[in-house]
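For reference, protein_12.cif is printed below; it contains mmCIF, C-alpha atoms.
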```cif
data_structure
#
loop_
_atom_site.label_atom_id
_atom_site.label_comp_id
_atom_site.auth_asym_id
_atom_site.auth_seq_id
_atom_site.Cartn_x
_atom_site.Cartn_y
_atom_site.Cartn_z
CA MET A 1 20.19 -43.51 109.02
CA LYS A 2 18.20 -42.51 105.94
CA LEU A 3 20.38 -43.38 102.97
CA LEU A 4 20.06 -42.70 99.25
CA ILE A 5 22.15 -44.58 96.67
CA ASN A 6 22.31 -43.71 92.98
CA VAL A 7 22.06 -46.92 90.93
CA VAL A 8 21.62 -45.38 87.48
CA PRO A 9 25.03 -46.79 86.35
CA LEU A 10 23.56 -50.31 86.59
CA ARG A 11 21.80 -49.52 83.32
CA SER A 12 25.15 -50.05 81.60
CA GLY A 13 25.34 -53.70 82.59
CA LYS A 14 27.61 -55.59 84.94
CA THR A 15 30.84 -53.69 84.36
CA GLY A 16 33.39 -53.23 87.15
CA VAL A 17 31.41 -50.27 88.44
CA GLY A 18 28.22 -52.33 88.20
CA VAL A 19 29.76 -55.16 90.24
CA TYR A 20 30.81 -52.61 92.85
CA ILE A 21 27.36 -51.03 93.10
CA LEU A 22 25.49 -54.33 93.27
CA SER A 23 27.88 -55.73 95.90
CA VAL A 24 28.06 -52.67 98.14
CA ALA A 25 24.50 -51.41 97.73
CA GLY A 26 23.10 -54.91 98.20
CA GLY A 27 25.12 -55.37 101.39
CA ILE A 28 24.08 -51.98 102.72
CA LYS A 29 20.40 -52.64 102.00
CA GLU A 30 20.54 -55.73 104.22
CA ARG A 31 21.77 -53.63 107.15
CA VAL A 32 20.18 -50.20 106.66
CA GLU A 33 16.42 -50.52 106.45
CA GLU A 34 15.81 -46.94 105.33
CA THR A 35 17.74 -47.24 102.08
CA THR A 36 16.35 -45.69 98.90
CA PHE A 37 17.73 -46.19 95.38
CA PHE A 38 17.61 -43.68 92.54
CA SER A 39 17.29 -45.39 89.15
CA GLY A 40 15.75 -42.50 87.25
CA ARG A 41 13.03 -42.56 89.89
CA PHE A 42 13.13 -43.25 93.62
CA ILE A 43 12.60 -46.92 94.50
CA LYS A 44 13.06 -49.18 97.52
CA SER A 45 14.40 -52.28 95.75
CA LEU A 46 17.67 -52.80 93.90
CA ASP A 47 15.89 -53.83 90.69
CA VAL A 48 16.50 -51.43 87.81
CA LYS A 49 15.48 -53.69 84.93
CA GLU A 50 12.57 -51.42 84.09
CA VAL A 51 14.92 -48.69 82.83
CA GLY A 52 17.18 -50.93 80.74
CA LYS A 53 15.02 -50.98 77.61
CA LEU A 54 14.58 -47.21 77.73
CA LYS A 55 18.32 -46.67 77.78
CA THR A 56 18.86 -49.10 74.90
CA PHE A 57 16.38 -47.13 72.80
CA LEU A 58 17.72 -43.71 73.70
CA LYS A 59 21.36 -44.61 73.07
CA ARG A 60 20.51 -45.32 69.45
CA VAL A 61 20.12 -41.56 69.10
CA PRO A 62 23.10 -40.01 70.95
CA ILE A 63 21.58 -36.54 71.20
CA PHE A 64 18.62 -38.03 73.11
CA TRP A 65 20.80 -40.10 75.41
CA ASN A 66 23.12 -37.17 76.24
CA ALA A 67 20.10 -35.03 77.03
CA VAL A 68 18.60 -37.67 79.31
CA LYS A 69 21.94 -38.16 81.09
CA SER A 70 22.17 -34.43 81.78
CA LEU A 71 18.54 -34.33 82.91
CA SER A 72 19.19 -37.18 85.36
CA TYR A 73 21.98 -35.24 87.00
CA LYS A 74 20.25 -31.89 87.03
CA TYR A 75 16.50 -32.41 87.29
CA LEU A 76 15.16 -35.97 87.55
CA SER A 77 16.74 -36.39 90.97
CA ARG A 78 14.66 -33.56 92.44
CA SER A 79 12.69 -34.73 95.48
CA ASP A 80 11.12 -33.29 98.59
CA GLU A 81 12.58 -36.15 100.62
CA SER A 82 15.64 -35.40 102.76
CA TYR A 83 18.36 -37.93 103.57
CA ASP A 84 21.13 -38.29 106.13
CA VAL A 85 23.62 -39.57 103.56
CA TYR A 86 23.51 -39.55 99.78
CA PHE A 87 25.99 -42.12 98.42
CA GLU A 88 27.05 -41.53 94.82
CA PRO A 89 28.97 -44.64 93.67
CA ASN A 90 30.02 -43.30 90.28
CA PHE A 91 32.11 -40.11 90.11
CA ILE A 92 29.64 -37.18 89.93
CA PRO A 93 26.80 -36.61 92.44
CA LEU A 94 23.29 -35.70 91.40
CA LEU A 95 22.55 -32.02 91.96
CA ASN A 96 19.10 -31.81 93.52
CA VAL A 97 19.24 -34.41 96.28
CA LYS A 98 18.60 -33.05 99.78
CA SER A 99 21.10 -34.67 102.11
CA ARG A 100 23.11 -33.78 105.20
CA ARG A 101 26.19 -35.50 103.77
CA VAL A 102 27.29 -36.55 100.28
CA VAL A 103 29.86 -39.32 99.76
CA THR A 104 31.13 -40.04 96.24
CA THR A 105 33.22 -42.92 94.91
CA VAL A 106 35.86 -42.07 92.31
CA HIS A 107 37.03 -45.28 90.65
CA ASP A 108 39.92 -43.99 88.57
CA PHE A 109 41.12 -41.09 86.45
CA SER A 110 41.12 -42.72 83.04
CA PHE A 111 38.79 -39.90 81.96
CA LEU A 112 41.79 -37.54 81.94
CA ARG A 113 43.06 -39.28 78.80
CA ARG A 114 41.16 -38.27 75.68
CA GLU A 115 42.22 -41.38 73.73
CA TRP A 116 40.67 -43.68 76.34
CA LEU A 117 37.10 -42.36 76.15
CA PRO A 118 34.48 -41.57 73.52
CA ARG A 119 34.23 -37.86 72.85
CA ASP A 120 30.87 -37.32 74.56
CA ARG A 121 31.97 -39.08 77.76
CA TYR A 122 35.29 -37.24 77.81
CA ASP A 123 33.53 -33.88 77.37
CA PHE A 124 30.98 -34.73 80.06
CA PHE A 125 33.67 -35.51 82.65
CA LYS A 126 35.86 -32.58 81.64
CA GLU A 127 32.97 -30.17 82.22
CA ASN A 128 31.26 -31.71 85.24
CA PHE A 129 33.78 -33.57 87.41
CA PRO A 130 35.86 -30.52 88.50
CA LYS A 131 32.75 -28.33 88.68
CA TYR A 132 30.99 -30.47 91.26
CA LEU A 133 33.88 -31.59 93.45
CA GLY A 134 32.61 -29.29 96.17
CA ARG A 135 29.24 -31.08 96.17
CA SER A 136 30.80 -34.03 98.04
CA ASP A 137 31.79 -34.00 101.70
CA PHE A 138 33.91 -37.12 101.33
CA PHE A 139 35.35 -39.36 98.62
CA ILE A 140 35.92 -43.10 98.46
CA VAL A 141 38.62 -44.53 96.16
CA PRO A 142 39.47 -48.21 95.57
CA SER A 143 43.27 -47.92 95.87
CA SER A 144 46.04 -45.73 97.26
CA PHE A 145 47.15 -45.20 93.66
CA VAL A 146 43.87 -43.46 92.83
CA LYS A 147 44.07 -41.45 96.05
CA GLY A 148 47.47 -40.13 95.00
CA GLU A 149 46.14 -39.22 91.56
CA PHE A 150 43.21 -37.41 93.15
CA GLN A 151 45.48 -35.26 95.29
CA GLU A 152 47.92 -34.61 92.45
CA ASN A 153 45.39 -33.67 89.77
CA PHE A 154 42.71 -31.89 91.81
CA GLY A 155 44.36 -30.88 95.07
CA VAL A 156 41.70 -32.55 97.19
CA ASP A 157 42.72 -32.65 100.85
CA GLU A 158 43.87 -36.08 102.01
CA GLY A 159 41.44 -35.89 104.92
CA ARG A 160 38.48 -36.00 102.49
CA ILE A 161 39.59 -39.22 100.77
CA LYS A 162 39.33 -42.76 102.11
CA VAL A 163 40.71 -45.88 100.44
CA ILE A 164 38.24 -48.77 100.56
CA ASN A 165 39.26 -51.77 98.50
CA HIS A 166 36.73 -53.65 96.43
CA GLY A 167 35.97 -57.28 97.20
CA ILE A 168 35.83 -60.58 95.35
CA ASP A 169 32.77 -62.82 95.27
CA THR A 170 34.36 -66.04 96.48
CA SER A 171 31.02 -67.84 96.23
CA THR A 172 31.45 -67.54 92.45
CA PHE A 173 35.20 -67.29 91.99
CA PHE A 174 36.88 -70.23 93.73
CA PRO A 175 39.29 -73.05 92.76
CA THR A 176 38.18 -76.53 91.76
CA GLN A 177 39.89 -79.65 90.45
CA THR A 178 39.02 -78.61 86.89
CA GLU A 179 41.73 -79.79 84.51
CA LYS A 180 43.75 -77.00 82.91
CA GLU A 181 43.39 -76.51 79.17
CA GLN A 182 45.95 -75.20 76.73
CA PHE A 183 44.95 -71.56 76.40
CA LEU A 184 46.03 -68.17 77.67
CA LEU A 185 43.21 -65.95 78.88
CA PHE A 186 42.55 -62.21 78.87
CA VAL A 187 39.37 -60.77 80.41
CA GLY A 188 38.35 -57.12 80.10
CA SER A 189 36.32 -54.69 78.03
CA LEU A 190 37.55 -54.27 74.46
CA GLN A 191 38.86 -50.72 74.60
CA PRO A 192 42.23 -49.06 73.95
CA ARG A 193 43.56 -48.85 77.51
CA LYS A 194 43.30 -52.63 77.87
CA ASN A 195 46.30 -52.80 75.51
CA LEU A 196 45.08 -55.68 73.34
CA LYS A 197 47.16 -54.74 70.31
CA ARG A 198 50.37 -55.14 72.29
CA LEU A 199 49.05 -58.31 73.90
CA ILE A 200 48.45 -59.87 70.50
CA GLY A 201 51.79 -58.57 69.26
CA ALA A 202 53.51 -60.12 72.29
CA TYR A 203 51.72 -63.41 71.70
CA ARG A 204 52.92 -63.47 68.09
CA LYS A 205 56.52 -63.17 69.32
CA LEU A 206 56.29 -66.32 71.45
CA PRO A 207 58.25 -69.33 70.22
CA GLU A 208 56.37 -71.37 67.65
CA TYR A 209 56.15 -74.44 69.88
CA ILE A 210 54.28 -72.36 72.54
CA LYS A 211 51.88 -70.78 70.06
CA LYS A 212 51.19 -74.18 68.56
CA GLU A 213 50.29 -75.56 71.98
CA PHE A 214 48.58 -72.53 73.54
CA LYS A 215 45.94 -70.36 71.88
CA LEU A 216 45.07 -66.89 73.19
CA LEU A 217 41.47 -66.34 74.26
CA ILE A 218 40.27 -62.74 74.63
CA VAL A 219 37.02 -62.38 76.59
CA GLY A 220 35.23 -59.06 76.92
CA MET A 221 32.43 -56.72 76.00
CA GLU A 222 32.87 -54.28 73.15
CA ARG A 223 33.31 -50.74 74.45
CA TRP A 224 34.09 -47.27 73.14
CA GLY A 225 37.03 -47.00 70.76
CA LYS A 226 36.67 -50.72 70.08
CA VAL A 227 39.99 -52.28 69.27
CA GLU A 228 39.79 -53.62 65.73
CA LEU A 229 40.76 -57.19 66.40
CA SER A 230 39.65 -58.96 63.23
CA ASN A 231 42.83 -58.25 61.24
CA LEU A 232 45.07 -58.74 64.28
CA THR A 233 43.61 -62.14 65.18
CA LYS A 234 43.10 -63.61 61.71
CA GLY A 235 45.07 -66.82 61.40
CA LYS A 236 46.98 -66.15 64.63
CA ASN A 237 45.46 -68.83 66.92
CA VAL A 238 43.67 -65.99 68.76
CA ASP A 239 39.95 -66.19 69.56
CA VAL A 240 37.66 -63.38 70.75
CA LEU A 241 34.66 -64.27 72.90
CA SER A 242 32.11 -61.55 73.68
CA ASN A 243 29.10 -63.63 74.68
CA VAL A 244 30.02 -64.98 78.12
CA LYS A 245 26.59 -65.01 79.74
CA ASN A 246 27.36 -64.66 83.43
CA SER A 247 29.94 -64.79 86.21
CA LEU A 248 29.62 -68.57 86.54
CA GLU A 249 30.74 -69.08 82.95
CA LEU A 250 33.54 -66.58 83.44
CA ALA A 251 34.76 -68.35 86.58
CA ASN A 252 34.84 -71.63 84.67
CA LEU A 253 37.09 -70.04 82.04
CA TYR A 254 39.46 -68.79 84.74
CA ARG A 255 39.65 -72.31 86.19
CA LYS A 256 40.38 -73.92 82.82
CA ALA A 257 42.96 -71.34 81.66
CA PHE A 258 46.60 -72.33 81.82
CA LEU A 259 47.59 -68.69 82.41
CA PHE A 260 45.84 -65.34 82.81
CA VAL A 261 47.47 -62.35 81.07
CA PHE A 262 46.43 -58.76 81.80
CA PRO A 263 48.75 -56.10 80.27
CA SER A 264 46.33 -53.20 80.86
CA LEU A 265 47.79 -49.71 80.58
CA TYR A 266 45.71 -48.32 83.44
CA GLU A 267 43.47 -49.62 86.23
CA GLY A 268 42.03 -47.90 89.28
CA PHE A 269 41.65 -51.32 90.88
CA GLY A 270 41.40 -54.23 88.45
CA PHE A 271 38.94 -57.06 89.14
CA PRO A 272 40.08 -59.66 86.56
CA PRO A 273 43.51 -60.55 88.05
CA LEU A 274 41.96 -61.14 91.48
CA GLU A 275 39.12 -63.16 89.98
CA ALA A 276 41.68 -65.32 88.18
CA MET A 277 43.71 -65.77 91.39
CA ALA A 278 40.57 -66.76 93.29
CA CYS A 279 39.98 -69.51 90.70
CA GLY A 280 43.51 -70.87 91.03
CA CYS A 281 44.87 -69.41 87.80
CA PRO A 282 48.43 -67.95 87.73
CA THR A 283 48.57 -64.33 86.56
CA VAL A 284 50.85 -62.11 84.48
CA VAL A 285 49.89 -58.43 84.84
CA SER A 286 51.11 -54.89 84.17
CA ASN A 287 53.55 -53.20 86.52
CA THR A 288 51.63 -49.91 86.21
CA SER A 289 48.86 -47.95 87.97
CA SER A 290 47.11 -49.80 90.82
CA LEU A 291 47.97 -53.34 89.74
CA PRO A 292 51.17 -53.85 91.81
CA GLU A 293 49.29 -52.53 94.86
CA VAL A 294 46.32 -54.83 94.33
CA CYS A 295 48.13 -57.96 93.17
CA GLY A 296 50.98 -57.73 95.69
CA ASN A 297 53.51 -60.55 95.37
CA ALA A 298 51.01 -62.90 93.74
CA SER A 299 51.55 -61.94 90.07
CA LEU A 300 54.40 -61.87 87.60
CA PHE A 301 54.73 -58.23 86.49
CA VAL A 302 55.56 -56.98 82.99
CA ASP A 303 55.94 -53.61 81.27
CA PRO A 304 52.69 -53.11 79.32
CA TYR A 305 54.36 -50.67 76.90
CA ASP A 306 57.01 -53.24 75.89
CA GLU A 307 55.84 -56.21 73.82
CA ASP A 308 59.08 -58.07 74.52
CA SER A 309 58.48 -57.74 78.27
CA ILE A 310 54.97 -59.18 77.90
CA THR A 311 56.29 -61.99 75.70
CA HIS A 312 59.04 -62.85 78.19
CA GLY A 313 56.57 -62.85 81.10
CA ILE A 314 54.17 -65.21 79.32
CA GLN A 315 56.95 -67.57 78.27
CA ARG A 316 58.48 -67.65 81.74
CA ALA A 317 55.11 -68.36 83.41
CA ILE A 318 54.46 -71.20 80.96
CA GLU A 319 57.86 -72.86 81.19
CA ASP A 320 58.70 -72.41 84.88
CA ILE A 321 56.58 -75.00 86.69
CA GLN A 322 57.77 -73.91 90.15
CA LEU A 323 56.95 -70.26 89.44
CA ARG A 324 53.47 -71.20 88.24
CA GLN A 325 52.75 -73.09 91.44
CA GLU A 326 54.06 -70.19 93.54
CA LEU A 327 51.79 -67.77 91.67
CA ILE A 328 48.78 -70.04 92.22
CA THR A 329 49.52 -70.45 95.94
CA LYS A 330 50.22 -66.76 96.53
CA GLY A 331 47.16 -65.78 94.49
CA LEU A 332 44.80 -67.87 96.58
CA GLU A 333 46.27 -66.26 99.70
CA ARG A 334 46.16 -62.74 98.22
CA VAL A 335 42.42 -62.75 97.48
CA LYS A 336 41.71 -63.29 101.17
CA ASP A 337 42.53 -59.58 101.63
CA PHE A 338 39.58 -58.53 99.47
CA SER A 339 36.11 -59.05 100.91
CA TRP A 340 32.79 -57.40 100.01
CA GLU A 341 31.67 -57.84 103.62
CA ARG A 342 34.66 -55.83 104.79
CA SER A 343 34.06 -53.23 102.09
CA VAL A 344 30.42 -52.80 103.17
CA ASP A 345 31.54 -52.45 106.81
CA GLU A 346 33.98 -49.70 105.88
CA HIS A 347 31.40 -47.85 103.79
CA LEU A 348 28.87 -47.87 106.64
CA ASN A 349 31.49 -46.90 109.23
CA LEU A 350 32.38 -43.90 107.08
CA PHE A 351 28.75 -42.85 106.58
CA GLU A 352 28.05 -43.07 110.31
CA SER A 353 31.22 -41.13 111.20
CA LEU A 354 30.04 -38.18 109.12
CA LEU A 355 26.73 -37.74 110.97
#
```
Take the structure I supplied and represent it as structure tokens, if you would.
Amino acid sequence: MKLLINVVPLRSGKTGVGVYILSVAGGIKERVEETTFFSGRFIKSLDVKEVGKLKTFLKRVPIFWNAVKSLSYKYLSRSDESYDVYFEPNFIPLLNVKSRRVVTTVHDFSFLRREWLPRDRYDFFKENFPKYLGRSDFFIVPSSFVKGEFQENFGVDEGRIKVINHGIDTSTFFPTQTEKEQFLLFVGSLQPRKNLKRLIGAYRKLPEYIKKEFKLLIVGMERWGKVELSNLTKGKNVDVLSNVKNSLELANLYRKAFLFVFPSLYEGFGFPPLEAMACGCPTVVSNTSSLPEVCGNASLFVDPYDEDSITHGIQRAIEDIQLRQELITKGLERVKDFSWERSVDEHLNLFESLL
């Protein structure tokens, strides 16, 4: 099988989509010798560092970056080479790839909400996602929740959509005997749909003796529509950490945290709760979108639109020792259902079934 994978999104760093591409594409490369990657040019290795500096420069001038992004989709992907399968792991397939079959991963439908995206990204998806749906023979989604949204919003036939769950890197995220510290942890990009304002508001409503003992640590990269946290966190025993260097440091934070709290308004899958579970950290998460499906019975669920619900969930998970232990035990069992090896198998089985 001659396979092409678009890895341009790796230019944006190791976001959730980046973790997915590195994990799946890396696993596929080990098993499919004739794999080519498109990183702005056609390469045989999964190293796209050479384009990182170019993107950093171009993004300083948005008109240049938007032009380059459009060129990548419309022209830079032009090649005389023909492939059996072109795998697009990030929403919209390139237009000029010659391939017998095109398979596209759609991670979520957050782009349908204007307030959750910067204007240029919202406009790009609004124009191009519906227009090029017919370019793909098949779609991969990370959860049944996203599959339902796909059918509801775009009328795509169920037979063209396959749910393939993401995995967890258990060689990085695993429990140790690390002693718990007195802090509550949130991990996620700093953007509106992560619901940080309500999280901080819920934290402020906790009893004084809990706030005195437990600080709130918010870990994440700044993203579009950055939540202005400085005024919200000032003098509130809330710290924001945006310089976690790698997954090993992140895993260590999960292991040390007394409790992981994730009141996100919307997730197509949601890596952080599973990463926390894999490290032996009890989790309090939203009862919305894909999170109940992904977390199963291993999390304490709260209403992310209700600060009092978030407050109550945090307090209960702190004070109820038996519940905490149940969440830890169930979490460690739950993550066994999510494997990158299994995900790679399912991707390859799908590709081969289409030929």
Segment 37-45 of chain A: which residues within 6 Å, counting all atoms listed in the file, same-chain residues fewer than 6 positions away excluded, as a PyMOL selection string? chain A and resi 4-8
Taking the file as shown, find all residues satisfying the PyMOL selection byres ((chain A and resi 267) around 9) and write them as an NGL selection string. :A and (107-110 or 193-194 or 264-266 or 268-270 or 288-291)
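One finds atom CA of Arg342 of chain A at 22.5 Å from atom CA of Gly148 of chain A.
Taking atom CA of Arg334 of chain A as the reference point, atom CA of Arg160 of chain A is found at 28.1 Å.
For the set A:Thr233, A:Ser23, A:Asn297, A:Thr329, the residue with the smallest atom-to-atom gap to Pro175 of chain A is A:Thr329, counting only C-alpha atoms.
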Residue with smallest distance to Phe150 of chain A - pool A:Thr283, A:Thr105, A:Ser242, A:Asn90, counting all atoms listed in the file: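 The shortest atom-to-atom distance to Phe150 of chain A comes from A:Thr105.
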Quick one: pull the distance between atom CA of Ser286 of chain A and atom CA of Arg316 of chain A, Å, one decimal. 14.9 Å
So, with only C-alpha atoms as the atoms that count, which of A:Ile328, A:Val187, A:Val302, A:Leu274 lies closest to His166 of chain A? A:Leu274
Residue neighbourhood Ile318 of chain A, 10 Å, only C-alpha atoms, exclusion window fewer than 2 positions, as an MDAnalysis selection string: chainID A and resid 184 210 214 258:259 282 312:316 320:321 323:324
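Compared by their closest atoms to Glu341 of chain A, and using all atoms listed in the file, the residues A:Lys2, A:Arg101, A:Ile168, A:Thr35 rank with A:Ile168 nearest.
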Residues returned when the PyMOL selection byres ((chain A and resi 298) around 7) runs on this file, as an MDAnalysis selection string: chainID A and resid 295:297 299 327 330:331 334
Skipping near chain neighbours, those fewer than 3 positions away, what residues fall within 12 Å of Lys205 of chain A using all atoms listed in the file, listed as an NGL selection string? :A and (198-202 or 208-211 or 236 or 306-315)
